[in-house]
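One file, upload-v3.pdb, carrying PDB, C-alpha atoms:
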```pdb
ATOM      1  CA  MET T1139       0.000   0.000   0.000
ATOM      2  CA  ALA T1140       1.312   3.415  -0.934
ATOM      3  CA  SER T1141       2.106   5.969   1.708
ATOM      4  CA  GLU T1142       0.039   9.136   2.076
ATOM      5  CA  ASN T1143       2.820  11.048   0.306
ATOM      6  CA  SER T1144       1.878   9.405  -2.980
ATOM      7  CA  TYR T1145      -1.464  11.193  -2.909
ATOM      8  CA  SER T1146       0.026  14.678  -2.918
ATOM      9  CA  THR T1147       2.165  14.476  -6.046
ATOM     10  CA  GLY T1148       1.572  16.873  -8.929
ATOM     11  CA  TYR T1149      -0.486  14.501 -11.068
ATOM     12  CA  VAL T1150      -2.948  13.529  -8.323
ATOM     13  CA  ASP T1151      -5.863  15.596  -7.059
ATOM     14  CA  SER T1152      -5.317  15.773  -3.305
ATOM     15  CA  SER T1153      -7.990  18.408  -2.664
ATOM     16  CA  VAL T1154     -10.887  17.930  -0.288
ATOM     17  CA  ASN T1155     -13.156  17.477  -3.330
ATOM     18  CA  ALA T1156     -11.577  14.146  -4.238
ATOM     19  CA  GLU T1157     -14.507  11.746  -4.664
ATOM     20  CA  PHE T1158     -12.845   8.357  -4.752
ATOM     21  CA  ARG T1159      -9.621   6.473  -5.046
ATOM     22  CA  VAL T1160      -8.145   4.664  -8.026
ATOM     23  CA  ARG T1161      -6.090   1.611  -7.129
ATOM     24  CA  SER T1162      -3.429  -0.126  -9.192
ATOM     25  CA  LEU T1163      -4.186  -3.827  -9.129
ATOM     26  CA  PRO T1164      -0.604  -4.957  -9.880
ATOM     27  CA  ASP T1165       1.001  -2.654  -7.300
ATOM     28  CA  GLY T1166      -1.753  -1.844  -4.827
ATOM     29  CA  THR T1167      -0.899   1.865  -4.991
ATOM     30  CA  GLU T1168      -3.860   4.199  -4.590
ATOM     31  CA  PHE T1169      -4.463   7.655  -6.050
ATOM     32  CA  ARG T1170      -7.115  10.104  -4.909
ATOM     33  CA  VAL T1171      -8.882  11.644  -7.892
ATOM     34  CA  SER T1172     -11.919  13.785  -8.535
ATOM     35  CA  ARG T1173     -14.715  12.778 -10.820
ATOM     36  CA  HIS T1174     -14.642  16.203 -12.434
ATOM     37  CA  ALA T1175     -10.982  15.808 -13.412
ATOM     38  CA  ILE T1176     -11.135  12.379 -14.984
ATOM     39  CA  GLU T1177     -14.438  12.935 -16.771
ATOM     40  CA  THR T1178     -12.374  14.616 -19.478
ATOM     41  CA  CYS T1179     -11.488  11.048 -20.522
ATOM     42  CA  GLU T1180     -14.027   9.334 -22.724
ATOM     43  CA  VAL T1181     -13.722   5.984 -20.938
ATOM     44  CA  PHE T1182     -14.369   7.429 -17.482
ATOM     45  CA  ARG T1183     -17.091   9.746 -18.787
ATOM     46  CA  ASN T1184     -18.952   6.826 -20.350
ATOM     47  CA  MET T1185     -18.482   4.792 -17.193
ATOM     48  CA  PHE T1186     -20.057   7.517 -15.069
ATOM     49  CA  ALA T1187     -22.880   7.931 -17.563
ATOM     50  CA  CYS T1188     -23.707   4.224 -17.491
ATOM     51  CA  CYS T1189     -23.714   3.775 -13.774
ATOM     52  CA  ASP T1190     -22.877   6.193 -11.023
ATOM     53  CA  HIS T1191     -22.760   3.309  -8.565
ATOM     54  CA  GLY T1192     -20.337   1.073 -10.414
ATOM     55  CA  PHE T1193     -17.503   1.283  -7.906
ATOM     56  CA  GLU T1194     -16.588  -1.021  -5.076
ATOM     57  CA  LEU T1195     -17.548   0.721  -1.865
ATOM     58  CA  VAL T1196     -15.266   0.336   1.101
ATOM     59  CA  GLY T1197     -17.094   0.242   4.377
ATOM     60  CA  ASP T1198     -14.326   0.025   6.946
ATOM     61  CA  ASP T1199     -14.023   2.636   9.663
ATOM     62  CA  GLU T1200     -10.751   4.019   8.376
ATOM     63  CA  ARG T1201     -12.126   5.240   5.082
ATOM     64  CA  GLY T1202     -15.773   5.709   5.746
ATOM     65  CA  PRO T1203     -18.773   3.983   4.229
ATOM     66  CA  GLN T1204     -19.103   6.082   1.078
ATOM     67  CA  GLU T1205     -15.522   6.366  -0.183
ATOM     68  CA  ALA T1206     -15.332   4.556  -3.528
ATOM     69  CA  ILE T1207     -12.368   2.660  -4.926
ATOM     70  CA  LEU T1208     -11.918   1.997  -8.631
ATOM     71  CA  ASP T1209      -9.534  -0.894  -9.312
ATOM     72  CA  LEU T1210      -7.658  -0.658 -12.603
ATOM     73  CA  ASP T1211      -5.298  -3.227 -14.067
ATOM     74  CA  GLU T1212      -2.540  -0.663 -14.601
ATOM     75  CA  THR T1213       0.816  -0.267 -12.936
ATOM     76  CA  GLU T1214       1.509   2.562 -10.553
ATOM     77  CA  HIS T1215       3.679   4.222 -13.193
ATOM     78  CA  ALA T1216       0.954   3.960 -15.851
ATOM     79  CA  LEU T1217      -1.673   5.492 -13.565
ATOM     80  CA  ALA T1218       0.689   8.255 -12.514
ATOM     81  CA  THR T1219       1.342   9.026 -16.176
ATOM     82  CA  LEU T1220      -2.372   8.933 -17.007
ATOM     83  CA  PHE T1221      -3.343  11.334 -14.226
ATOM     84  CA  ARG T1222      -0.474  13.669 -15.065
ATOM     85  CA  LEU T1223      -1.701  13.808 -18.675
ATOM     86  CA  ILE T1224      -5.232  14.538 -17.494
ATOM     87  CA  GLN T1225      -4.407  17.194 -14.907
ATOM     88  CA  GLN T1226      -1.272  18.689 -16.462
ATOM     89  CA  PRO T1227      -1.720  18.276 -20.232
ATOM     90  CA  PRO T1228       1.589  18.808 -22.042
ATOM     91  CA  ASP T1229       1.965  21.979 -24.045
ATOM     92  CA  PRO T1230       2.885  21.560 -27.713
ATOM     93  CA  PRO T1231       6.619  21.923 -28.324
ATOM     94  CA  PRO T1232       7.744  25.439 -29.267
ATOM     95  CA  MET T1233       8.098  25.921 -33.008
ATOM     96  CA  GLU T1234       9.632  28.356 -35.436
ATOM     97  CA  ASN T1235       9.468  28.664 -39.182
ATOM     98  CA  ALA T1236      12.348  27.315 -41.221
ATOM     99  CA  ALA T1237      14.635  29.870 -42.809
ATOM    100  CA  ASP T1238      13.540  28.787 -46.290
ATOM    101  CA  GLY T1239       9.874  28.640 -45.293
ATOM    102  CA  THR T1240       9.472  25.004 -46.290
ATOM    103  CA  ARG T1241       8.731  23.089 -43.073
ATOM    104  CA  PRO T1242       8.218  24.156 -39.465
ATOM    105  CA  ARG T1243      11.111  23.648 -37.120
ATOM    106  CA  PHE T1244      10.961  22.812 -33.448
ATOM    107  CA  LYS T1245      12.965  24.719 -30.876
ATOM    108  CA  LEU T1246      14.893  21.943 -29.222
ATOM    109  CA  ASP T1247      15.369  23.797 -25.956
ATOM    110  CA  ALA T1248      16.334  21.745 -22.943
ATOM    111  CA  GLY T1249      13.201  20.452 -21.249
ATOM    112  CA  SER T1250      10.763  21.686 -23.890
ATOM    113  CA  ILE T1251      10.477  18.364 -25.762
ATOM    114  CA  ILE T1252       9.170  15.175 -24.156
ATOM    115  CA  PRO T1253      11.807  12.446 -24.730
ATOM    116  CA  PHE T1254      10.708   9.955 -27.353
ATOM    117  CA  PRO T1255      11.119   6.776 -25.245
ATOM    118  CA  VAL T1256       8.224   7.789 -22.962
ATOM    119  CA  LEU T1257       5.888   9.032 -25.702
ATOM    120  CA  PRO T1258       4.613   5.659 -27.027
ATOM    121  CA  SER T1259       3.315   4.670 -23.593
ATOM    122  CA  MET T1260       1.695   8.092 -23.165
ATOM    123  CA  LEU T1261      -0.034   7.803 -26.514
ATOM    124  CA  TYR T1262      -1.132   4.264 -25.693
ATOM    125  CA  LEU T1263      -2.797   5.510 -22.505
ATOM    126  CA  ALA T1264      -4.301   8.489 -24.315
ATOM    127  CA  ASP T1265      -5.878   6.163 -26.855
ATOM    128  CA  LYS T1266      -6.937   3.513 -24.336
ATOM    129  CA  TYR T1267      -8.716   5.965 -22.046
ATOM    130  CA  GLY T1268      -9.959   8.355 -24.703
ATOM    131  CA  LEU T1269      -8.121  11.467 -23.601
ATOM    132  CA  PRO T1270      -9.141  14.736 -25.302
ATOM    133  CA  GLU T1271      -7.924  15.166 -28.860
ATOM    134  CA  ALA T1272      -5.931  18.245 -27.868
ATOM    135  CA  ILE T1273      -3.726  16.091 -25.626
ATOM    136  CA  THR T1274      -3.195  13.480 -28.335
ATOM    137  CA  CYS T1275      -2.347  16.156 -30.905
ATOM    138  CA  SER T1276       0.166  17.707 -28.516
ATOM    139  CA  LEU T1277       1.807  14.318 -27.933
ATOM    140  CA  HIS T1278       1.987  13.738 -31.689
ATOM    141  CA  LEU T1279       3.794  17.052 -32.074
ATOM    142  CA  HIS T1280       6.289  15.953 -29.439
ATOM    143  CA  VAL T1281       6.869  12.734 -31.401
ATOM    144  CA  GLN T1282       7.465  14.821 -34.516
ATOM    145  CA  ALA T1283       9.833  17.105 -32.604
ATOM    146  CA  ASN T1284      11.964  14.045 -31.794
ATOM    147  CA  ALA T1285      12.411  13.232 -35.484
ATOM    148  CA  SER T1286      15.679  15.141 -35.787
ATOM    149  CA  THR T1287      17.326  13.355 -32.853
ATOM    150  CA  ASN T1288      15.657   9.910 -33.049
ATOM    151  CA  PRO T1289      14.687   9.616 -36.721
ATOM    152  CA  LEU T1290      14.608   5.839 -37.107
ATOM    153  CA  PRO T1291      12.524   5.070 -33.970
ATOM    154  CA  VAL T1292      10.178   7.951 -34.807
ATOM    155  CA  TYR T1293       9.805   6.754 -38.401
ATOM    156  CA  ALA T1294       9.110   3.218 -37.210
ATOM    157  CA  TYR T1295       6.522   4.391 -34.694
ATOM    158  CA  ALA T1296       4.817   6.733 -37.147
ATOM    159  CA  THR T1297       4.537   4.138 -39.897
ATOM    160  CA  ALA T1298       3.232   1.541 -37.432
ATOM    161  CA  HIS T1299       0.536   3.933 -36.166
ATOM    162  CA  ASN T1300      -0.534   5.484 -39.470
ATOM    163  CA  LEU T1301       0.964   8.916 -38.854
ATOM    164  CA  PRO T1302       2.158   9.831 -42.370
ATOM    165  CA  LYS T1303       3.021  13.453 -41.594
ATOM    166  CA  ILE T1304       5.331  12.413 -38.763
ATOM    167  CA  ALA T1305       6.798   9.589 -40.855
ATOM    168  CA  ALA T1306       7.571  12.080 -43.614
ATOM    169  CA  GLU T1307       9.288  14.445 -41.186
ATOM    170  CA  ALA T1308      11.400  11.606 -39.806
ATOM    171  CA  SER T1309      12.379  10.483 -43.309
ATOM    172  CA  ALA T1310      13.988  13.871 -43.927
ATOM    173  CA  HIS T1311      16.419  13.065 -41.112
ATOM    174  CA  LEU T1312      17.154   9.571 -42.440
ATOM    175  CA  LEU T1313      18.995  10.689 -45.573
ATOM    176  CA  HIS T1314      22.304  10.085 -43.793
ATOM    177  CA  PRO T1315      23.832   7.637 -43.222
ATOM    178  CA  PRO T1316      23.008   5.375 -46.197
ATOM    179  CA  LEU T1317      20.477   2.659 -45.427
ATOM    180  CA  SER T1318      23.095   0.012 -46.118
ATOM    181  CA  SER T1319      25.072   1.199 -43.084
ATOM    182  CA  TYR T1320      22.368   0.160 -40.599
ATOM    183  CA  THR T1321      22.631  -3.186 -38.870
ATOM    184  CA  LYS T1322      19.931  -5.808 -39.298
ATOM    185  CA  GLU T1323      18.863  -5.188 -35.710
ATOM    186  CA  ASP T1324      18.543  -1.450 -36.332
ATOM    187  CA  ILE T1325      16.475  -1.759 -39.476
ATOM    188  CA  GLN T1326      14.171  -4.424 -38.047
ATOM    189  CA  ILE T1327      12.303  -1.832 -35.990
ATOM    190  CA  ILE T1328      10.715  -0.588 -39.224
ATOM    191  CA  PRO T1329       7.378  -2.394 -38.972
ATOM    192  CA  THR T1330       6.603  -3.222 -42.610
ATOM    193  CA  LEU T1331       8.342  -3.855 -45.911
ATOM    194  CA  THR T1332       6.307  -1.025 -47.400
ATOM    195  CA  ALA T1333       7.695   1.450 -44.873
ATOM    196  CA  TYR T1334      11.256   0.318 -45.620
ATOM    197  CA  HIS T1335      10.548   0.433 -49.348
ATOM    198  CA  GLU T1336       9.397   4.046 -49.075
ATOM    199  CA  LEU T1337      12.709   4.967 -47.458
ATOM    200  CA  LEU T1338      14.608   3.057 -50.119
ATOM    201  CA  ARG T1339      12.713   4.874 -52.877
ATOM    202  CA  LEU T1340      13.509   8.227 -51.270
ATOM    203  CA  HIS T1341      17.231   7.447 -51.132
ATOM    204  CA  GLU T1342      17.377   6.113 -54.676
ATOM    205  CA  TYR T1343      15.285   8.964 -56.047
ATOM    206  CA  ARG T1344      17.552  11.561 -54.514
ATOM    207  CA  ARG T1345      20.683   9.826 -55.767
ATOM    208  CA  TYR T1346      19.186   9.651 -59.249
ATOM    209  CA  LYS T1347      18.068  13.302 -59.306
ATOM    210  CA  LEU T1348      21.223  14.717 -57.718
ATOM    211  CA  ARG T1349      23.401  12.839 -60.176
ATOM    212  CA  ASP T1350      21.289  14.052 -63.084
ATOM    213  CA  ILE T1351      21.456  17.653 -61.901
ATOM    214  CA  LEU T1352      25.209  17.491 -61.403
ATOM    215  CA  LEU T1353      26.010  15.939 -64.784
ATOM    216  CA  ASN T1354      23.852  18.461 -66.621
ATOM    217  CA  GLU T1355      25.189  21.611 -64.996
ATOM    218  CA  ASP T1356      28.203  23.215 -66.714
ATOM    219  CA  ILE T1357      30.543  25.850 -65.360
ATOM    220  CA  PHE T1358      30.039  27.894 -68.546
ATOM    221  CA  PRO T1359      26.451  26.986 -69.557
ATOM    222  CA  HIS T1360      25.860  27.673 -73.258
ATOM    223  CA  GLY T1361      29.109  29.621 -73.246
ATOM    224  CA  TYR T1362      27.780  32.158 -70.752
ATOM    225  CA  GLY T1363      30.468  33.831 -68.634
ATOM    226  CA  THR T1364      33.279  32.048 -70.473
ATOM    227  CA  CYS T1365      36.795  33.059 -69.547
ATOM    228  CA  PRO T1366      38.767  33.298 -72.809
ATOM    229  CA  VAL T1367      42.063  32.632 -71.051
ATOM    230  CA  HIS T1368      41.184  29.734 -68.725
ATOM    231  CA  LYS T1369      38.155  28.206 -70.397
ATOM    232  CA  GLN T1370      39.751  24.839 -71.141
ATOM    233  CA  TRP T1371      41.462  24.535 -67.781
ATOM    234  CA  ALA T1372      38.394  25.589 -65.742
ATOM    235  CA  THR T1373      36.142  23.294 -67.765
ATOM    236  CA  GLN T1374      38.520  20.387 -67.220
ATOM    237  CA  LEU T1375      38.623  20.984 -63.467
ATOM    238  CA  TRP T1376      34.834  21.123 -63.324
ATOM    239  CA  GLU T1377      34.432  18.011 -65.463
ATOM    240  CA  GLN T1378      36.911  15.929 -63.485
ATOM    241  CA  LYS T1379      35.352  16.944 -60.187
ATOM    242  CA  ARG T1380      31.765  16.263 -61.175
ATOM    243  CA  VAL T1381      32.440  12.946 -62.910
ATOM    244  CA  TYR T1382      34.164  11.646 -59.789
ATOM    245  CA  LEU T1383      31.504  13.093 -57.500
ATOM    246  CA  ALA T1384      28.743  11.467 -59.554
ATOM    247  CA  THR T1385      30.102   8.061 -58.555
ATOM    248  CA  GLN T1386      30.019   8.973 -54.845
ATOM    249  CA  ILE T1387      26.577  10.537 -54.517
ATOM    250  CA  GLU T1388      24.358   9.463 -51.653
ATOM    251  CA  ALA T1389      20.941  10.734 -50.638
ATOM    252  CA  ALA T1390      22.391  13.438 -48.366
ATOM    253  CA  THR T1391      25.327  14.523 -50.542
ATOM    254  CA  ASP T1392      25.731  18.285 -50.765
ATOM    255  CA  ILE T1393      26.846  18.434 -54.374
ATOM    256  CA  ALA T1394      26.860  22.218 -54.436
ATOM    257  CA  GLY T1395      29.167  22.293 -51.426
ATOM    258  CA  GLU T1396      31.418  19.659 -52.960
ATOM    259  CA  MET T1397      31.733  21.565 -56.241
ATOM    260  CA  ARG T1398      32.342  24.800 -54.371
ATOM    261  CA  ASP T1399      35.659  23.305 -53.237
ATOM    262  CA  LEU T1400      37.033  24.254 -56.665
ATOM    263  CA  ALA T1401      36.965  27.898 -55.611
ATOM    264  CA  SER T1402      40.482  27.742 -54.199
ATOM    265  CA  GLN T1403      41.856  26.606 -57.563
ATOM    266  CA  LEU T1404      39.985  29.299 -59.507
ATOM    267  CA  SER T1405      40.425  32.189 -57.096
ATOM    268  CA  SER T1406      43.148  33.863 -59.164
ATOM    269  CA  CYS T1407      40.760  34.585 -62.053
ATOM    270  CA  SER T1408      37.723  36.762 -61.366
ATOM    271  CA  LEU T1409      35.825  35.527 -64.440
ATOM    272  CA  CYS T1410      36.363  31.855 -63.603
ATOM    273  CA  HIS T1411      35.513  32.434 -59.951
ATOM    274  CA  LYS T1412      32.328  34.293 -60.894
ATOM    275  CA  ALA T1413      31.303  31.496 -63.273
ATOM    276  CA  LEU T1414      31.962  28.883 -60.600
ATOM    277  CA  THR T1415      29.907  30.799 -58.056
ATOM    278  CA  ALA T1416      27.006  31.094 -60.488
ATOM    279  CA  ALA T1417      27.158  27.398 -61.390
ATOM    280  CA  VAL T1418      27.302  26.322 -57.750
ATOM    281  CA  ASP T1419      24.419  28.612 -56.819
ATOM    282  CA  MET T1420      22.354  27.051 -59.614
ATOM    283  CA  LEU T1421      23.230  23.576 -58.353
ATOM    284  CA  GLN T1422      22.149  24.576 -54.875
ATOM    285  CA  TYR T1423      18.845  25.971 -56.135
ATOM    286  CA  LYS T1424      18.043  22.864 -58.168
ATOM    287  CA  CYS T1425      19.010  20.499 -55.358
ATOM    288  CA  ARG T1426      16.715  22.270 -52.898
ATOM    289  CA  ARG T1427      13.824  21.309 -55.160
ATOM    290  CA  VAL T1428      14.563  17.584 -54.947
ATOM    291  CA  ALA T1429      12.268  15.643 -52.610
ATOM    292  CA  ARG T1430      13.654  15.236 -49.096
ATOM    293  CA  THR T1431      10.741  13.277 -47.618
ATOM    294  CA  VAL T1432       8.962  10.055 -48.571
ATOM    295  CA  ASP T1433       5.690  11.812 -49.331
ATOM    296  CA  TYR T1434       7.219  13.885 -52.143
ATOM    297  CA  VAL T1435       8.784  11.063 -54.128
ATOM    298  CA  PRO T1436       6.741  10.600 -57.350
ATOM    299  CA  GLN T1437       4.729   7.402 -57.196
ATOM    300  CA  ASP T1438       5.856   6.446 -60.705
ATOM    301  CA  TYR T1439       9.563   7.009 -59.975
ATOM    302  CA  TRP T1440      10.629   3.406 -60.629
ATOM    303  CA  LEU T1441       8.866   3.434 -64.001
ATOM    304  CA  ASP T1442      10.479   6.754 -64.983
ATOM    305  CA  ALA T1443      13.926   5.512 -63.960
ATOM    306  CA  ILE T1444      13.796   2.398 -66.163
TER     307      ILE T1444
END
```

Render the structure in this file as structure tokens.
Amino acid sequence: MASENSYSTGYVDSSVNAEFRVRSLPDGTEFRVSRHAIETCEVFRNMFACCDHGFELVGDDERGPQEAILDLDETEHALATLFRLIQQPPDPPPMENAADGTRPRFKLDAGSIIPFPVLPSMLYLADKYGLPEAITCSLHLHVQANASTNPLPVYAYATAHNLPKIAAEASAHLLHPPLSSYTKEDIQIIPTLTAYHELLRLHEYRRYKLRDILLNEDIFPHGYGTCPVHKQWATQLWEQKRVYLATQIEAATDIAGEMRDLASQLSSCSLCHKALTAAVDMLQYKCRRVARTVDYVPQDYWLDAI
């Protein structure tokens, strides 16, 4: 039996208006709760609506004849988590817009994001007891906020629970390292072959598109900005660099950054340096338009690639 101290923690209603106690069957720990507080849960609300006298009444002298106890087959930790969610619903994680305006970004301040390992159990309880949608939505945002630091577990969870938006966000953080670098044990947490296949398509699509962009971008496109003195030399440097790079491209390769490394060799000529800068900027622009998430890979990609 829990000590009286367990009734005064932050997730338990210890006020004089507490109407009954909830007891953990596995642990025997009791929590004092108010009907008003837990009626926000669909399961408890329906229970009260069906029968206001559906609790075991304890008639010993210590507790009084009308103090009700609800026995639940949940551990002490699960009940503590459930009541904390009910009485102290988590705020959504703080967000900010991305610099390029494409996708929202989460402010990963210390303590502002619920750690991913505890979120699945919270969401399980939220679903099991029918917590308000606002709480579930907030928890989903916390899962999404973990995508940058725990991309593979988040992707696995999202695909297993039909959360495509979260799965897509996680896939953006799974571009590196290559899928082939994961161990069998790591990759087995992905719940279905379809979910793994979507990741594979994303990686292959990006490799295909990045390689195509690189091999079709010239340092002097259509003769524009040609340096009459160093044209052959600059073109040769560009060609050698991009042909080699094309054989090394992975889904997360920054081809614009790699080609920008030629700047040190062309710095002595202003025309060549200007042409290189323009070509690299164009590479960067085109690469930003390539899909970075599974939901933006064309469904007919494999057919187009054949």

Residues returned when the PyMOL selection byres ((chain T and resi 1293-1302) around 12) runs on this file, as a ChimeraX atom specification
/T:1254-1255,1257-1259,1261-1262,1265,1275,1278-1279,1281-1292,1303-1312,1324-1337,1431-1434

Quiz prompt | Hits from the PyMOL selection byres ((chain T and resi 1159) around 6), listed as a VMD selection string | solution = chain T and resid 1158 1160 1169 to 1171 1207

What's the 10 Å shell around Asp1247 in chain T, counting only C-alpha atoms, without same-chain residues fewer than 3 positions away, as a PyMOL selection string?
chain T and resi 1231-1232+1244+1250-1251

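When you apply the PyMOL selection byres ((chain T and resi 1416) around 12) to this structure, what comes back is Glu1355, Asp1356, Ile1357, Phe1358, Pro1359, Tyr1362, Gly1363, Thr1364, Ala1394, Met1397, Arg1398, Ala1401, Leu1409, Cys1410, His1411, Lys1412, Ala1413, Leu1414, Thr1415, Ala1417, Val1418, Asp1419, Met1420, Leu1421, Gln1422 and Tyr1423 of chain T.
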
I need the residues from that last selection saved to file as a short mmCIF file (atom, residue, chain, number, x, y, z; two decimals), keeping the file's coordinate frame (with C-alpha atoms), if you can.
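Produced file again-v4.cif, reproduced below:
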```cif
data_model
loop_
_atom_site.label_atom_id
_atom_site.label_comp_id
_atom_site.auth_asym_id
_atom_site.auth_seq_id
_atom_site.Cartn_x
_atom_site.Cartn_y
_atom_site.Cartn_z
CA GLU T 1355 25.19 21.61 -65.00
CA ASP T 1356 28.20 23.22 -66.71
CA ILE T 1357 30.54 25.85 -65.36
CA PHE T 1358 30.04 27.89 -68.55
CA PRO T 1359 26.45 26.99 -69.56
CA TYR T 1362 27.78 32.16 -70.75
CA GLY T 1363 30.47 33.83 -68.63
CA THR T 1364 33.28 32.05 -70.47
CA ALA T 1394 26.86 22.22 -54.44
CA MET T 1397 31.73 21.56 -56.24
CA ARG T 1398 32.34 24.80 -54.37
CA ALA T 1401 36.97 27.90 -55.61
CA LEU T 1409 35.83 35.53 -64.44
CA CYS T 1410 36.36 31.86 -63.60
CA HIS T 1411 35.51 32.43 -59.95
CA LYS T 1412 32.33 34.29 -60.89
CA ALA T 1413 31.30 31.50 -63.27
CA LEU T 1414 31.96 28.88 -60.60
CA THR T 1415 29.91 30.80 -58.06
CA ALA T 1417 27.16 27.40 -61.39
CA VAL T 1418 27.30 26.32 -57.75
CA ASP T 1419 24.42 28.61 -56.82
CA MET T 1420 22.35 27.05 -59.61
CA LEU T 1421 23.23 23.58 -58.35
CA GLN T 1422 22.15 24.58 -54.88
CA TYR T 1423 18.84 25.97 -56.14
#
```

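Here CA of Pro1315 in chain T is placed at a distance of 14.0 Å from CA of Arg1430 in chain T.
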
*asked:* With only C-alpha atoms as the counted atoms, please give the residues lying no more than 9 Å from Met1260 in chain T, apart from itself and same-chain residues fewer than 6 positions off, as a PyMOL selection string.
replied: chain T and resi 1216+1219-1220+1223+1274+1277

The distance between CA of Arg1161 in chain T and CA of Pro1227 in chain T is 21.6 Å

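Counting all atoms listed in the file and comparing T:Leu1163, T:Ala1429, T:Leu1348, T:Met1233, the residue that lies closest to Thr1391 in chain T is T:Leu1348.
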
### Message
Just want the 8 Å neighbourhood of His1341 in chain T, counted on all atoms listed in the file, with same-chain residues fewer than 5 positions away dropped. Output as a PyMOL selection string.
### Response
chain T and resi 1313+1316+1388-1389

In Å and to one decimal, CA of Arg1173 in chain T is distant from CA of Ser1276 in chain T by 23.6 Å

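Of the listed residues T:Asp1350, T:Asp1209, T:Glu1177, T:Glu1271, the one whose atoms come nearest to Val1381 in chain T is T:Asp1350, with distances taken using all atoms listed in the file.
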
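Nearest to Lys1347 in chain T of all the residues T:Gln1378, T:Val1428, T:Ser1172, T:Ser1402 is T:Val1428, based on only C-alpha atoms.
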
Around all listed atoms of range 1425-1441 of chain T, padded 4 Å per side, what centre and edge lengths does the axis-aligned box have in Å to one decimal, as AutoDock Vina command-line options?
```
--center_x 11.9 --center_y 12.8 --center_z -55.8 --size_x 22.3 --size_y 26.9 --size_z 24.4
```
